[in-house]
>>> print(open('protein.txt').read())   # compact mmCIF, C-alpha atoms
# COMPACT_ATOMS: atom_id res chain seq x y z
CA MET A 287 -22.03 -9.36 -19.08
CA VAL A 288 -18.94 -7.34 -20.01
CA GLY A 289 -19.88 -4.04 -21.71
CA ALA A 290 -18.20 -2.72 -24.84
CA ALA A 291 -15.98 -0.27 -23.00
CA MET A 292 -14.96 -2.92 -20.47
CA ALA A 293 -14.20 -5.33 -23.31
CA VAL A 294 -11.80 -2.77 -24.75
CA LEU A 295 -10.09 -2.54 -21.38
CA LEU A 296 -9.73 -6.29 -21.05
CA GLN A 297 -8.42 -6.78 -24.58
CA SER A 298 -6.14 -3.77 -24.94
CA SER A 299 -3.76 -4.24 -22.01
CA PRO A 300 -0.26 -4.84 -23.41
CA ALA A 301 1.45 -8.11 -22.71
CA TYR A 302 3.31 -8.08 -19.43
CA ALA A 303 6.12 -10.31 -18.22
CA ALA A 304 5.28 -11.37 -14.68
CA PRO A 305 7.96 -10.22 -12.22
CA ALA A 306 8.41 -13.68 -10.74
CA SER A 307 9.52 -15.09 -14.09
CA ALA A 308 11.33 -12.02 -15.43
CA ALA A 309 15.07 -12.02 -15.98
CA ALA A 310 17.17 -10.69 -13.14
CA PRO A 311 17.56 -6.90 -13.36
CA PRO A 312 20.91 -5.48 -14.48
CA GLN A 313 23.46 -5.31 -11.70
CA THR A 314 23.13 -1.53 -11.49
CA ASP A 315 19.36 -1.83 -10.95
CA ALA A 316 19.79 -4.64 -8.43
CA ALA A 317 22.27 -2.55 -6.46
CA PHE A 318 19.98 0.48 -6.58
CA LEU A 319 16.95 -1.50 -5.37
CA GLU A 320 19.00 -3.09 -2.60
CA ASP A 321 20.17 0.32 -1.39
CA LEU A 322 16.71 1.88 -1.61
CA SER A 323 15.00 -1.06 0.11
CA ARG A 324 17.55 -1.24 2.89
CA ARG A 325 17.12 2.48 3.61
CA GLU A 326 13.34 2.11 3.69
CA PHE A 327 13.62 -0.89 5.98
CA ARG A 328 15.73 1.26 8.30
CA PHE A 329 12.72 3.55 8.83
CA PHE A 330 10.55 0.65 10.01
CA TRP A 331 13.25 -0.61 12.34
CA GLU A 332 14.26 2.74 13.82
CA GLN A 333 10.86 4.44 13.91
CA ALA A 334 9.00 1.61 15.67
CA ASP A 335 8.60 1.98 19.41
CA PRO A 336 10.80 -0.68 21.09
CA LYS A 337 8.11 -1.48 23.68
CA THR A 338 4.95 -1.50 21.51
CA GLY A 339 6.23 -2.13 17.99
CA LEU A 340 3.92 0.61 16.67
CA VAL A 341 5.47 2.41 13.68
CA ALA A 342 5.57 6.19 13.40
CA ASP A 343 3.25 7.81 10.90
CA ARG A 344 6.15 9.95 9.68
CA ALA A 345 9.67 11.02 10.50
CA GLY A 346 12.23 13.53 9.35
CA ALA A 347 14.05 12.47 6.20
CA ASP A 348 17.24 12.78 8.23
CA GLY A 349 15.98 10.33 10.86
CA THR A 350 14.65 12.79 13.42
CA SER A 351 11.41 12.04 15.25
CA ARG A 352 8.24 13.88 14.31
CA GLY A 353 6.33 13.25 17.51
CA GLY A 354 4.72 10.24 19.07
CA VAL A 355 1.94 9.33 16.63
CA ALA A 356 1.90 5.91 14.99
CA SER A 357 -0.10 4.69 12.01
CA VAL A 358 -1.66 1.23 12.12
CA ALA A 359 -1.23 0.87 8.35
CA ALA A 360 2.46 1.77 8.68
CA THR A 361 2.67 -0.84 11.45
CA GLY A 362 1.34 -3.42 9.00
CA PHE A 363 4.01 -2.44 6.51
CA GLY A 364 6.48 -2.61 9.39
CA LEU A 365 5.60 -6.22 10.17
CA SER A 366 6.18 -7.04 6.51
CA ALA A 367 9.47 -5.15 6.59
CA LEU A 368 10.62 -7.35 9.48
CA CYS A 369 10.15 -10.36 7.24
CA LEU A 370 12.26 -8.75 4.52
CA GLY A 371 14.92 -7.69 7.01
CA ALA A 372 15.32 -11.27 8.17
CA GLU A 373 15.16 -12.68 4.65
CA ARG A 374 17.78 -10.33 3.24
CA GLY A 375 20.09 -10.31 6.24
CA TRP A 376 19.55 -6.69 7.22
CA ILE A 377 18.89 -7.88 10.77
CA ALA A 378 19.24 -11.25 12.47
CA PRO A 379 16.18 -13.51 12.11
CA GLY A 380 15.89 -13.71 15.88
CA GLN A 381 15.69 -9.93 16.13
CA ALA A 382 12.95 -9.82 13.50
CA ARG A 383 10.89 -12.54 15.23
CA ALA A 384 11.25 -10.89 18.61
CA ARG A 385 10.07 -7.51 17.27
CA ALA A 386 7.18 -9.17 15.42
CA LYS A 387 6.01 -11.01 18.56
CA LEU A 388 6.30 -7.88 20.68
CA THR A 389 4.17 -5.97 18.14
CA LEU A 390 1.55 -8.70 17.81
CA ARG A 391 1.25 -9.08 21.58
CA PHE A 392 0.73 -5.36 22.06
CA LEU A 393 -1.89 -5.21 19.32
CA LEU A 394 -3.80 -8.14 20.78
CA GLN A 395 -3.52 -7.34 24.45
CA SER A 396 -3.13 -3.58 24.84
CA ALA A 397 -4.00 -1.45 21.79
CA PRO A 398 -7.55 -0.03 21.85
CA GLN A 399 -9.91 -1.59 19.33
CA GLU A 400 -13.58 -1.80 18.49
CA HIS A 401 -14.95 -5.15 17.34
CA GLY A 402 -11.36 -5.98 16.36
CA PHE A 403 -10.84 -2.85 14.24
CA PHE A 404 -8.09 -0.39 15.16
CA TYR A 405 -7.95 3.37 15.25
CA HIS A 406 -6.17 4.93 12.29
CA PHE A 407 -3.64 6.75 14.47
CA LEU A 408 -2.32 5.73 17.88
CA ASP A 409 0.11 7.10 20.42
CA ARG A 410 3.30 5.24 19.57
CA THR A 411 4.32 4.56 23.17
CA THR A 412 0.93 3.86 24.80
CA GLY A 413 -1.34 2.83 21.95
CA ALA A 414 -3.98 5.40 22.93
CA ARG A 415 -6.18 6.84 20.21
CA ALA A 416 -4.52 9.89 18.60
CA TRP A 417 -6.01 12.98 16.94
CA LYS A 418 -9.59 11.74 17.56
CA SER A 419 -9.02 9.50 14.56
CA GLU A 420 -11.57 7.03 13.28
CA VAL A 421 -11.65 3.27 13.70
CA SER A 422 -10.52 2.60 10.15
CA THR A 423 -11.46 -0.40 8.03
CA ILE A 424 -8.79 0.04 5.36
CA ASP A 425 -6.00 0.82 7.80
CA THR A 426 -6.96 -2.21 9.87
CA ALA A 427 -6.89 -4.28 6.67
CA LEU A 428 -3.36 -3.12 5.84
CA LEU A 429 -2.33 -3.92 9.41
CA LEU A 430 -3.86 -7.41 9.10
CA ALA A 431 -2.04 -7.91 5.81
CA GLY A 432 1.23 -7.41 7.67
CA VAL A 433 0.04 -9.63 10.49
CA LEU A 434 -0.76 -12.48 8.08
CA THR A 435 2.50 -11.96 6.20
CA ALA A 436 4.41 -12.39 9.46
CA ARG A 437 2.29 -15.44 10.26
CA ARG A 438 3.66 -17.25 7.20
CA CYS A 439 7.15 -15.76 7.21
CA PHE A 440 7.72 -16.90 10.80
CA GLU A 441 5.54 -19.99 10.63
CA GLY A 442 8.11 -22.02 12.54
CA ASP A 443 7.30 -19.90 15.60
CA ALA A 444 4.05 -21.14 17.14
CA GLU A 445 3.48 -17.95 19.14
CA VAL A 446 3.55 -15.76 16.05
CA GLY A 447 0.93 -17.99 14.44
CA LEU A 448 -1.35 -17.98 17.47
CA LEU A 449 -1.15 -14.22 17.92
CA ALA A 450 -1.76 -13.55 14.23
CA GLU A 451 -4.75 -15.87 14.12
CA ALA A 452 -6.26 -14.32 17.25
CA LEU A 453 -5.97 -10.82 15.78
CA TYR A 454 -7.62 -11.86 12.51
CA GLU A 455 -10.36 -13.88 14.13
CA ARG A 456 -11.26 -11.05 16.50
CA VAL A 457 -12.30 -8.70 13.69
CA ASP A 458 -16.09 -8.54 13.39
CA PHE A 459 -16.35 -7.62 9.71
CA PRO A 460 -20.19 -7.83 9.50
CA TRP A 461 -20.38 -5.08 12.14
CA MET A 462 -19.05 -2.65 9.52
CA LEU A 463 -21.81 -3.67 7.07
CA LYS A 464 -24.55 -2.07 9.16
CA GLY A 465 -26.64 0.45 7.28
CA LYS A 466 -27.35 0.80 3.58
CA PRO A 467 -26.08 0.02 1.08
CA PRO A 468 -24.79 -3.26 2.54
CA LEU A 469 -21.17 -2.42 1.81
CA LEU A 470 -18.34 -2.00 4.30
CA SER A 471 -18.20 1.40 5.96
CA MET A 472 -14.95 3.34 5.82
CA GLY A 473 -14.95 3.49 9.61
CA TRP A 474 -16.55 4.37 12.92
CA LYS A 475 -16.12 7.00 15.63
CA PRO A 476 -17.28 6.70 19.23
CA GLU A 477 -18.67 10.23 19.07
CA THR A 478 -20.74 9.86 15.88
CA GLY A 479 -21.00 6.19 14.97
CA PHE A 480 -20.44 4.75 11.50
CA ILE A 481 -18.91 6.89 8.79
CA ALA A 482 -21.51 7.39 6.07
CA ALA A 483 -19.03 6.82 3.25
CA ARG A 484 -18.94 3.23 2.03
CA TRP A 485 -16.46 1.31 -0.05
CA ASP A 486 -18.83 1.57 -3.01
CA ALA A 487 -16.38 2.02 -5.92
CA TYR A 488 -13.09 0.56 -7.10
CA SER A 489 -10.31 1.66 -4.77
CA GLU A 490 -7.65 0.29 -2.43
CA HIS A 491 -10.27 -1.68 -0.49
CA MET A 492 -10.00 -4.94 -2.47
CA ILE A 493 -7.72 -6.39 0.20
CA LEU A 494 -10.25 -5.38 2.87
CA ASP A 495 -13.03 -7.17 1.01
CA LEU A 496 -11.00 -10.35 0.61
CA LEU A 497 -9.95 -10.40 4.26
CA ALA A 498 -13.60 -9.96 5.24
CA ILE A 499 -14.95 -12.59 2.85
CA GLY A 500 -12.26 -15.08 3.93
CA SER A 501 -12.58 -14.44 7.66
CA PRO A 502 -12.55 -17.76 9.55
CA SER A 503 -14.77 -16.34 12.31
CA HIS A 504 -16.79 -13.33 11.08
CA PRO A 505 -17.08 -13.44 7.27
CA ILE A 506 -19.20 -11.16 5.13
CA PRO A 507 -21.22 -12.43 2.14
CA ALA A 508 -19.14 -13.07 -0.98
CA LYS A 509 -21.66 -11.06 -3.01
CA THR A 510 -20.24 -7.92 -1.37
CA TRP A 511 -17.42 -8.19 -3.91
CA ASP A 512 -19.93 -7.54 -6.69
CA GLY A 513 -21.60 -4.59 -4.96
CA TRP A 514 -19.12 -1.81 -5.74
CA ARG A 515 -18.83 0.17 -8.97
CA ARG A 516 -16.14 -0.42 -11.53
CA ASP A 517 -16.11 2.91 -13.39
CA LEU A 518 -13.95 3.33 -16.47
CA VAL A 519 -11.51 6.16 -17.10
CA THR A 520 -9.89 6.86 -20.46
CA TYR A 521 -6.78 8.96 -20.92
CA SER A 522 -4.89 9.07 -24.20
CA THR A 523 -4.82 5.46 -25.42
CA TYR A 524 -5.37 3.98 -21.96
CA THR A 525 -8.70 2.74 -20.56
CA TYR A 526 -8.87 1.34 -17.06
CA ILE A 527 -11.01 1.11 -13.92
CA ALA A 528 -10.53 3.82 -11.33
CA GLY A 529 -12.52 5.30 -8.48
CA ASP A 530 -10.24 8.18 -7.47
CA LYS A 531 -7.11 10.00 -8.67
CA PRO A 532 -4.29 8.96 -6.26
CA LEU A 533 -2.17 6.17 -7.70
CA PHE A 534 -2.07 4.35 -4.36
CA ILE A 535 -5.59 3.02 -4.97
CA HIS A 536 -4.04 0.81 -7.66
CA GLN A 537 -1.13 -0.31 -5.45
CA TYR A 538 -2.03 -1.14 -1.85
CA SER A 539 -4.05 -4.32 -2.40
CA HIS A 540 -1.49 -5.58 -4.91
CA ALA A 541 1.34 -5.22 -2.42
CA TYR A 542 -0.04 -8.36 -0.78
CA VAL A 543 -2.60 -10.05 -3.03
CA ASP A 544 -1.11 -11.68 -6.11
CA PHE A 545 -3.75 -10.89 -8.73
CA ARG A 546 -1.48 -11.77 -11.68
CA GLY A 547 -3.21 -13.89 -14.29
CA LYS A 548 -6.49 -13.98 -12.37
CA ARG A 549 -9.92 -12.63 -13.35
CA ASP A 550 -13.00 -12.33 -11.20
CA GLY A 551 -16.61 -12.92 -12.22
CA HIS A 552 -16.60 -9.53 -13.94
CA GLY A 553 -13.81 -10.73 -16.22
CA ILE A 554 -11.33 -8.17 -14.89
CA ASP A 555 -7.59 -8.68 -14.50
CA TYR A 556 -6.90 -6.17 -11.72
CA PHE A 557 -3.14 -6.52 -12.05
CA GLU A 558 -3.20 -5.47 -15.71
CA ASN A 559 -5.62 -2.71 -14.75
CA SER A 560 -2.98 -1.29 -12.41
CA VAL A 561 -0.31 -1.59 -15.10
CA THR A 562 -2.53 0.46 -17.40
CA ALA A 563 -3.35 3.03 -14.72
CA THR A 564 0.36 3.55 -14.03
CA ARG A 565 1.19 3.99 -17.70
CA ALA A 566 -1.69 6.42 -18.09
CA GLN A 567 -0.32 8.57 -15.27
CA ARG A 568 3.15 8.54 -16.78
CA GLN A 569 1.70 9.66 -20.12
CA PHE A 570 -0.22 12.41 -18.31
CA PHE A 571 3.06 13.76 -16.93
CA ILE A 572 4.69 13.63 -20.36
CA ASP A 573 1.78 15.63 -21.75
CA LEU A 574 1.89 18.13 -18.87
CA ALA A 575 5.55 18.98 -19.53
CA LYS A 576 4.41 21.95 -21.59
CA GLU A 577 3.21 23.51 -18.33
CA PHE A 578 5.86 22.06 -15.99
CA PRO A 579 9.06 21.52 -18.02
CA ALA A 580 10.68 19.29 -15.37
CA TYR A 581 8.03 16.61 -16.01
CA SER A 582 9.06 13.98 -18.53
CA LYS A 583 8.94 10.28 -19.29
CA ASP A 584 11.45 9.83 -16.45
CA VAL A 585 10.19 12.48 -14.02
CA TRP A 586 6.64 11.60 -13.10
CA GLY A 587 4.41 10.43 -10.29
CA LEU A 588 1.60 11.82 -8.17
CA THR A 589 -0.30 10.26 -5.31
CA ALA A 590 -1.46 11.47 -1.89
CA SER A 591 1.54 13.18 -0.30
CA ASP A 592 3.08 16.18 1.35
CA SER A 593 3.28 19.41 -0.64
CA ALA A 594 4.47 22.95 -0.06
CA ARG A 595 0.86 23.69 1.01
CA GLY A 596 0.47 20.70 3.31
CA TYR A 597 -0.80 17.16 2.80
CA ILE A 598 -2.90 16.73 -0.38
CA ALA A 599 -4.76 13.60 -1.55
CA TRP A 600 -4.03 14.39 -5.19
CA GLY A 601 -3.40 12.36 -8.30
CA ALA A 602 -4.01 12.22 -12.02
CA PRO A 603 -5.45 11.81 -14.57
CA PRO A 604 -7.77 13.67 -14.89
CA ARG A 605 -6.05 16.95 -14.10
CA ASP A 606 -6.11 17.84 -10.41
CA ALA A 607 -6.45 21.60 -9.95
CA ALA A 608 -3.87 21.48 -7.14
CA ILE A 609 -1.03 20.21 -9.37
CA ASP A 610 1.87 22.65 -9.04
CA GLY A 611 4.88 20.74 -10.39
CA THR A 612 5.31 18.45 -7.37
CA VAL A 613 6.65 14.92 -7.90
CA VAL A 614 5.97 12.08 -5.44
CA PRO A 615 8.59 9.29 -5.70
CA CYS A 616 6.40 6.61 -4.12
CA ALA A 617 3.98 6.90 -7.05
CA ALA A 618 6.58 5.37 -9.35
CA GLY A 619 8.07 3.34 -6.49
CA GLY A 620 4.77 1.73 -5.54
CA SER A 621 4.35 0.64 -9.17
CA LEU A 622 7.70 -1.11 -9.50
CA MET A 623 5.80 -4.42 -9.52
CA PHE A 624 3.62 -3.20 -12.43
CA THR A 625 5.98 -1.20 -14.64
CA PRO A 626 9.57 -2.13 -13.75
CA GLU A 627 11.26 -0.38 -16.65
CA GLU A 628 9.32 2.87 -16.40
CA SER A 629 9.40 3.03 -12.61
CA LEU A 630 13.09 2.20 -12.30
CA SER A 631 13.97 4.79 -14.93
CA ALA A 632 12.00 7.41 -13.01
CA LEU A 633 13.53 6.60 -9.62
CA ARG A 634 17.05 6.49 -11.05
CA GLU A 635 16.53 9.84 -12.79
CA MET A 636 15.20 11.47 -9.62
CA LYS A 637 18.15 10.21 -7.60
CA SER A 638 20.65 11.18 -10.28
CA ARG A 639 19.40 14.75 -10.69
CA TRP A 640 18.25 15.68 -7.19
CA GLY A 641 19.61 12.94 -4.95
CA GLY A 642 21.59 15.32 -2.79
CA LYS A 643 18.34 16.97 -1.70
CA ILE A 644 15.76 14.21 -1.89
CA TYR A 645 17.58 10.92 -1.16
CA GLY A 646 18.68 10.29 2.39
CA ARG A 647 18.63 8.04 5.41
CA TYR A 648 15.25 6.49 4.59
CA GLY A 649 15.41 6.71 0.81
CA PHE A 650 13.39 9.32 -1.05
CA ALA A 651 11.81 12.28 0.71
CA ASP A 652 8.03 12.12 0.51
CA ALA A 653 7.73 14.70 -2.27
CA PHE A 654 9.62 17.48 -4.02
CA ASN A 655 9.00 20.22 -6.57
CA PRO A 656 11.80 20.58 -9.13
CA ALA A 657 10.21 23.80 -10.43
CA THR A 658 10.42 25.65 -7.11
CA GLY A 659 13.16 23.76 -5.28
CA TRP A 660 10.83 22.75 -2.43
CA THR A 661 11.50 19.36 -0.84
CA SER A 662 9.50 17.76 1.93
CA PRO A 663 11.60 17.50 5.09
CA ASP A 664 9.75 14.29 5.97
CA VAL A 665 9.13 10.71 4.96
CA ILE A 666 5.76 9.02 5.51
CA GLY A 667 5.55 5.41 6.64
CA ILE A 668 2.89 4.17 4.24
CA ASP A 669 4.67 5.78 1.27
CA LEU A 670 7.96 4.12 2.16
CA GLY A 671 6.08 0.88 2.81
CA ILE A 672 4.37 0.63 -0.56
CA THR A 673 7.69 1.27 -2.34
CA LEU A 674 9.51 -1.32 -0.21
CA LEU A 675 6.89 -4.02 -0.81
CA SER A 676 6.50 -3.26 -4.49
CA ALA A 677 10.26 -3.44 -4.97
CA GLU A 678 10.34 -6.79 -3.18
CA ASN A 679 7.54 -8.21 -5.30
CA LEU A 680 9.52 -7.16 -8.38
CA ARG A 681 12.77 -8.63 -7.05
CA ASP A 682 11.68 -11.99 -5.63
CA GLY A 683 7.92 -11.94 -5.02
CA LYS A 684 8.43 -12.79 -1.36
CA ILE A 685 5.59 -10.65 0.02
CA TRP A 686 3.17 -12.22 -2.45
CA SER A 687 4.49 -15.65 -1.58
CA TRP A 688 4.11 -15.25 2.18
CA PHE A 689 0.72 -13.55 2.11
CA MET A 690 -0.83 -15.91 -0.42
CA LYS A 691 0.10 -18.92 1.74
CA ASN A 692 -2.73 -17.90 4.07
CA PRO A 693 -5.57 -20.28 3.12
CA GLU A 694 -8.21 -17.70 4.01
CA ILE A 695 -7.13 -15.55 1.06
CA ALA A 696 -7.32 -18.35 -1.49
CA SER A 697 -10.74 -19.25 -0.13
CA ALA A 698 -11.92 -15.64 -0.35
CA MET A 699 -10.79 -15.31 -3.95
CA THR A 700 -12.61 -18.48 -4.91
CA LYS A 701 -15.78 -17.21 -3.20
CA ALA A 702 -15.43 -13.85 -4.93
CA GLY A 703 -15.38 -15.56 -8.32
CA PHE A 704 -11.69 -15.69 -9.22
>>> encode(input="protein.txt", output="structure tokens")
Amino acid sequence: MVGAAMAVLLQSSPAYAAPASAAAPPQTDAAFLEDLSRREFRFFWEQADPKTGLVADRAGADGTSRGGVASVAATGFGLSALCLGAERGWIAPGQARARAKLTLRFLLQSAPQEHGFFYHFLDRTTGARAWKSEVSTIDTALLLAGVLTARRCFEGDAEVGLLAEALYERVDFPWMLKGKPPLLSMGWKPETGFIAARWDAYSEHMILDLLAIGSPSHPIPAKTWDGWRRDLVTYSTYTYIAGDKPLFIHQYSHAYVDFRGKRDGHGIDYFENSVTATRAQRQFFIDLAKEFPAYSKDVWGLTASDSARGYIAWGAPPRDAAIDGTVVPCAAGGSLMFTPEESLSALREMKSRWGGKIYGRYGFADAFNPATGWTSPDVIGIDLGITLLSAENLRDGKIWSWFMKNPEIASAMTKAGF
């Protein structure tokens, strides 16, 4: 039964023209997206270890290395980037396939894992666990999303298919259900066991749930989809489901899963929900301009990022006490597939006004503060990745197309009530 507040959410979302059927963007926008995407692709090509394929967690905005730590989620985005590089002619298709196979082989044969799940951070050259990080369910899911994207992009290569299937089938999803409530744990550590926190509210974990429900070897019950909360947030005229403040929770699953025009058994269109969440954040920035005059309808965006005080998992609305005038380009960039006009206007404005400081070898720096002049010296792989994939879904929908060709995903969505 859909409650009154939820009914408002489902009925009030403005009409949206699906990216796949939208008119081609103006030539200036097409050229801008091509330049931005090609720069972001460059990060995944240059910052992947040539012997393991593991992608650096971060790098200097000028292309310098920031140490030897890789992120498995960034590696998933990197596998997807290889598909785009081959598709758009940024590298030769043979180069892309070779790098994809090298990466998949290393993940299957050499990288440490537990019941098929990978550590959040790994040494980029050896694959060893880094920073005593956890075996992460969501980061493994984002890695698998890239694995399955490559499976369909390079489906003419039998080895890619076999490696991808072996990696997916090895993951023992029910192992992460141990304990109560019977929802997937956020992870596990060899020193302390399962992380107590569960994926018990709306967040970026929808792709994890679908991968687990659709697993051909170790599926979890489809009812798990119904076990997490769908709490409503209202800001200004916008009502939507949210479980946390960072905008990435509304973006990561959608980078791969094409939720457009689909509703689950709860009657929710998660794509339109993300459209609404993005517009609510933009309105929040417009309203906050009285405190931070640089904020406007074209200068907005906040999601987990670097800041002058270090890395902060911030977002809005509601107001985060840490907000200090910082802007995070990947907040608007990761929503290109939801709000093309608003996101493009924001990215163009940022580049036009501050491009000399914030736009470089790999596209936008991770974050900047127009009020103080601070700019992050770094880029972060997952932030570049969500912008790259969102831009591609807006342009041609290729990531959606490749990922949704995996029959396990269609099966999972049917089981989950879509």
>>> residues_around(input="protein.txt", residues="Leu674 in chain A", least_positions_apart="5", cutoff="9 Å", atoms="all atoms listed in the file", output="PyMOL selection string")
chain A and resi 322-324+326-327+363+367+619-620+669+679
>>> residues_around(input="protein.txt", residues="range 375-378 of chain A", least_positions_apart="4", cutoff="10 Å", atoms="all atoms listed in the file", output="ChimeraX atom specification")
/A:324,327-328,331,368-371,382-383
>>> write_last_selection(input="protein.txt", atoms="C-alpha atoms", output="compact mmCIF listing (two decimals), in the frame of the given file")
# COMPACT_ATOMS: atom_id res chain seq x y z
CA ARG A 324 17.55 -1.24 2.89
CA PHE A 327 13.62 -0.89 5.98
CA ARG A 328 15.73 1.26 8.30
CA TRP A 331 13.25 -0.61 12.34
CA LEU A 368 10.62 -7.35 9.48
CA CYS A 369 10.15 -10.36 7.24
CA LEU A 370 12.26 -8.75 4.52
CA GLY A 371 14.92 -7.69 7.01
CA ALA A 382 12.95 -9.82 13.50
CA ARG A 383 10.89 -12.54 15.23
>>> atom_distance(input="protein.txt", atom1="CA of Pro505 in chain A", atom2="CA of Ala452 in chain A")
14.7 Å
>>> closest_residue(input="protein.txt", among="A:Gly339, A:Gly547, A:Phe459, A:Arg565", to="Gly500 in chain A", atoms="only C-alpha atoms")
A:Phe459
>>> axis_aligned_box(input="protein.txt", around="range 505-521 of chain A", padding_each_side="3 Å", output="AutoDock Vina command-line options")
--center_x -14.2 --center_y -2.2 --center_z -6.8 --size_x 20.9 --size_y 28.4 --size_z 34.2
>>> closest_residue(input="protein.txt", among="A:Arg325, A:Arg484, A:Lys387, A:His401", to="Thr510 in chain A", atoms="all atoms listed in the file")
A:Arg484
>>> closest_residue(input="protein.txt", among="A:Ile506, A:Tyr521, A:Gly611, A:Gly529", to="Gln569 in chain A", atoms="only C-alpha atoms")
A:Tyr521
>>> atom_distance(input="protein.txt", atom1="CA of Lys691 in chain A", atom2="CA of Cys439 in chain A")
9.5 Å
>>> closest_residue(input="protein.txt", among="A:Gly349, A:Arg549, A:Leu340, A:Glu332", to="Arg647 in chain A", atoms="all atoms listed in the file")
A:Gly349
>>> atom_distance(input="protein.txt", atom1="CA of Ala575 in chain A", atom2="CA of Phe534 in chain A")
22.4 Å
>>> closest_residue(input="protein.txt", among="A:Asp530, A:Asp348, A:Glu627, A:Asp458", to="Ala563 in chain A", atoms="all atoms listed in the file")
A:Asp530
>>> closest_residue(input="protein.txt", among="A:Lys418, A:Lys466, A:His491, A:Lys583", to="Met636 in chain A", atoms="only C-alpha atoms")
A:Lys583
>>> residues_near_point(input="protein.txt", point="(-21.0, 6.0, -5.0)", cutoff="10 Å", atoms="only C-alpha atoms", output="CSV table (one decimal) with C-alpha atoms, keeping the file's coordinate frame")
chain,number,residue,atom,x,y,z
A,467,PRO,CA,-26.1,0.0,1.1
A,483,ALA,CA,-19.0,6.8,3.2
A,484,ARG,CA,-18.9,3.2,2.0
A,485,TRP,CA,-16.5,1.3,0.0
A,486,ASP,CA,-18.8,1.6,-3.0
A,487,ALA,CA,-16.4,2.0,-5.9
A,488,TYR,CA,-13.1,0.6,-7.1
A,514,TRP,CA,-19.1,-1.8,-5.7
A,515,ARG,CA,-18.8,0.2,-9.0
A,529,GLY,CA,-12.5,5.3,-8.5
>>> residues_around(input="protein.txt", residues="Phe545 in chain A", least_positions_apart="5", cutoff="8 Å", atoms="all atoms listed in the file", output="list in words")
His540, Asp555, Tyr556 and Phe557 of chain A
>>> write_last_selection(input="protein.txt", atoms="C-alpha atoms", output="CSV table (one decimal), in the coordinates of the input")
chain,number,residue,atom,x,y,z
A,540,HIS,CA,-1.5,-5.6,-4.9
A,555,ASP,CA,-7.6,-8.7,-14.5
A,556,TYR,CA,-6.9,-6.2,-11.7
A,557,PHE,CA,-3.1,-6.5,-12.0
